[in-house]
Amino acid sequence: GAVVSQHPSWVICKSGTSVKIECRSLDFQATTMFWYRQFPKQSLMLMATSNEGSKATYEQGVEKDKFLINHASLTLSTLTVTSAHPEDSSFYICSARGMNTEAFFGQGTRLTVV
Amino acid sequence: GNSVTQMEGPVTLSEEAFLTINCTYTATGYPSLFWYVQYPGEGLQLLLKATKADDKGSNKGFEATYRKETTSFHLEKGSVQVSDSAVYFCALANNAGNMLTFGGGTRLMVKP
């Protein structure tokens with residue numbers, strides 16, 4: 001199946017700093033990418049949907065100025081957590097889909113803010 | 001709107017036992033249905049899917065049948081292994097297939 005690579009797998013950062021997470025589709029063109037957040041022992045919460053070259057569409061309750069999403073190319077989307085705080089600690093997962101394909105998931109990024 | 005409800009876990013079974021994880025959904029139109037598996041510390045992997053009523057998805061001994069009349073997509077496996085221990089998510093995608101709606105996840109623990 002198609003491969004979606006997410007980097008880094010885990011990151012620890014200090015409170016107040018910003019962290020960038022990359023999501024790459026390695027063998028297909030991702031016209032749409034999704035960013036999810038998963039709290040411990042809970043399901044995935046969709047944060048935003050981004051189409052290549054367009055601004056991301058954020059779900060209700062997700063701060064777009066805090067979670068900056070860029071989808072500048074058909075193979076790369078980035079999520080930047082700005083001015084991170086301990087409550088932003090979570091597991092972030094991206095998924096990508098191309099034209100007429102199902103969504104493929106990255107392996108996730110565990111963010112810990114200390 | 002769309003929603004997915006699956007049985008709460010954890011589900012604890014002995015090796016070689018029969019597994020059923022219930023999943024029901026609410027959706028407009030004719031969604032596609034999926035089961036994803038998440039192993040500890042990893043992202044989600046597609047386990048199986050079905051795109052229309054009465055379709056049966058199958059993979060690695062797991063099966064699920066798209067039942068439109070009962071709006072269900074229950075996951076089954078005849079004989080579980082310790083390596084099947086993971087969290088299983090039922091999900092649906094709308095007609096455009098753009099967005100997945102996930103159930104709450106069910107943790108399966110298989111003991112030797």
# chains A, B, ... in the order shown; residues from 1 in each chain; ligands from 1
>>> closest_atom_pairs(of="chain B", to="chain A", cutoff="8 Å", atoms="only C-alpha atoms", output="tab-separated table")
residue	atom	partner	partner_atom	distance
B:Glu42	CA	A:Gln107	CA	5.2
B:Gly43	CA	A:Gln107	CA	3.8
B:Leu44	CA	A:Phe105	CA	5.9
B:Gln45	CA	A:Phe105	CA	6.8
B:Leu46	CA	A:Phe104	CA	7.7
B:Phe89	CA	A:Ser43	CA	7.8
B:Gly97	CA	A:Glu102	CA	7.3
B:Asn98	CA	A:Thr32	CA	7.8
B:Phe102	CA	A:Leu44	CA	6.7
B:Gly103	CA	A:Ser43	CA	6.7
B:Gly104	CA	A:Ser43	CA	4.6
B:Gly105	CA	A:Ser43	CA	5.7
>>> residues_around(residues="B:Val82", least_positions_apart="5", cutoff="7 Å", atoms="only C-alpha atoms", output="list in words")
Glu15, Val110, Lys111 and Pro112 of chain B
>>> write_last_selection(atoms="all heavy atoms", output="PDB file, in the first residue's frame")
ATOM      1  N   GLU B  15      -5.851 -16.704  24.047  1.00  0.00           N
ATOM      2  CA  GLU B  15      -5.417 -17.047  22.692  1.00  0.00           C
ATOM      3  C   GLU B  15      -6.325 -18.118  22.098  1.00  0.00           C
ATOM      4  O   GLU B  15      -6.771 -19.044  22.802  1.00  0.00           O
ATOM      5  CB  GLU B  15      -3.974 -17.553  22.725  1.00  0.00           C
ATOM      6  CG  GLU B  15      -3.220 -17.349  21.425  1.00  0.00           C
ATOM      7  CD  GLU B  15      -1.716 -17.498  21.609  1.00  0.00           C
ATOM      8  OE1 GLU B  15      -1.290 -18.131  22.586  1.00  0.00           O
ATOM      9  OE2 GLU B  15      -0.970 -16.967  20.778  1.00  0.00           O
ATOM     10  N   VAL B 110      -5.039  -9.917  24.287  1.00  0.00           N
ATOM     11  CA  VAL B 110      -5.082 -11.363  24.146  1.00  0.00           C
ATOM     12  C   VAL B 110      -3.997 -11.957  25.028  1.00  0.00           C
ATOM     13  O   VAL B 110      -2.821 -11.609  24.905  1.00  0.00           O
ATOM     14  CB  VAL B 110      -4.874 -11.798  22.686  1.00  0.00           C
ATOM     15  CG1 VAL B 110      -4.944 -13.326  22.576  1.00  0.00           C
ATOM     16  CG2 VAL B 110      -5.911 -11.141  21.785  1.00  0.00           C
ATOM     17  N   LYS B 111      -4.414 -12.860  25.911  1.00  0.00           N
ATOM     18  CA  LYS B 111      -3.476 -13.485  26.843  1.00  0.00           C
ATOM     19  C   LYS B 111      -3.118 -14.875  26.364  1.00  0.00           C
ATOM     20  O   LYS B 111      -3.970 -15.590  25.837  1.00  0.00           O
ATOM     21  CB  LYS B 111      -4.093 -13.534  28.234  1.00  0.00           C
ATOM     22  CG  LYS B 111      -4.372 -12.155  28.815  1.00  0.00           C
ATOM     23  CD  LYS B 111      -4.903 -12.254  30.242  1.00  0.00           C
ATOM     24  CE  LYS B 111      -5.078 -10.855  30.835  1.00  0.00           C
ATOM     25  NZ  LYS B 111      -5.590 -10.927  32.239  1.00  0.00           N
ATOM     26  N   PRO B 112      -1.842 -15.263  26.549  1.00  0.00           N
ATOM     27  CA  PRO B 112      -1.424 -16.598  26.103  1.00  0.00           C
ATOM     28  C   PRO B 112      -2.063 -17.703  26.939  1.00  0.00           C
ATOM     29  O   PRO B 112      -2.556 -17.479  28.028  1.00  0.00           O
ATOM     30  CB  PRO B 112       0.105 -16.576  26.295  1.00  0.00           C
ATOM     31  CG  PRO B 112       0.410 -15.396  27.111  1.00  0.00           C
ATOM     32  CD  PRO B 112      -0.740 -14.459  27.076  1.00  0.00           C
TER      33      PRO B 112
END
>>> atom_distance(atom1="atom CA of B:Asn94", atom2="atom CA of B:Gly1")
10.2 Å
>>> residues_around(residues="stretch 75-78 of chain A", least_positions_apart="6", cutoff="7 Å", atoms="only C-alpha atoms", output="PyMOL selection string")
chain A and resi 20-26+29-30+69
>>> select_by_dssp(residues="chain A", states="strand (DSSP E or B)", output="PyMOL selection string")
chain A and resi 4-7+10-13+19-25+32-38+44-51+57-58+67-73+76-81+90-97+104-105+109-113
>>> closest_residue(among="A:Pro86, A:Tyr36, A:Gly16, A:Leu74", to="A:Val62", atoms="only C-alpha atoms")
A:Tyr36
>>> closest_residue(among="A:Val4, A:Thr112, A:Met47, A:Cys13", to="A:Gly61", atoms="only C-alpha atoms")
A:Met47
>>> residues_around(residues="B:Ala50", least_positions_apart="2", cutoff="8 Å", atoms="only C-alpha atoms", output="MDAnalysis selection string")
chainID B and resid 32:34 48 52:53 55:57 65:66
>>> atom_distance(atom1="atom CA of A:Lys55", atom2="atom CA of A:Glu87")
25.4 Å
>>> decode(residues="stretch 47-80 of chain B", atoms="C-alpha atoms", output="CSV table (one decimal), in the first residue's frame")
chain,number,residue,atom,x,y,z
B,47,LEU,CA,-7.2,-3.5,8.5
B,48,LEU,CA,-10.1,-3.9,6.1
B,49,LYS,CA,-12.9,-2.0,4.4
B,50,ALA,CA,-16.2,-2.4,2.6
B,51,THR,CA,-17.6,0.1,0.2
B,52,LYS,CA,-21.2,-1.0,-0.3
B,53,ALA,CA,-24.0,-3.0,1.4
B,54,ASP,CA,-23.4,-6.7,1.9
B,55,ASP,CA,-19.7,-6.4,1.0
B,56,LYS,CA,-17.4,-8.3,3.3
B,57,GLY,CA,-14.0,-7.0,4.1
B,58,SER,CA,-11.3,-9.4,5.2
B,59,ASN,CA,-7.6,-9.4,6.1
B,60,LYS,CA,-5.3,-11.4,8.4
B,61,GLY,CA,-8.2,-13.6,9.5
B,62,PHE,CA,-10.4,-10.6,10.4
B,63,GLU,CA,-13.8,-10.1,8.7
B,64,ALA,CA,-16.5,-7.6,8.8
B,65,THR,CA,-19.7,-7.4,6.7
B,66,TYR,CA,-21.4,-4.1,5.7
B,67,ARG,CA,-25.0,-4.5,7.0
B,68,LYS,CA,-27.1,-1.6,5.8
B,69,GLU,CA,-30.3,-2.9,7.3
B,70,THR,CA,-28.8,-2.9,10.8
B,71,THR,CA,-26.3,-0.1,10.1
B,72,SER,CA,-23.5,-2.3,11.5
B,73,PHE,CA,-20.0,-3.4,10.6
B,74,HIS,CA,-19.0,-5.8,13.3
B,75,LEU,CA,-15.4,-7.1,13.4
B,76,GLU,CA,-14.8,-10.8,13.9
B,77,LYS,CA,-12.0,-13.2,14.0
B,78,GLY,CA,-12.2,-16.9,14.6
B,79,SER,CA,-9.0,-17.4,16.6
B,80,VAL,CA,-7.1,-14.5,18.0
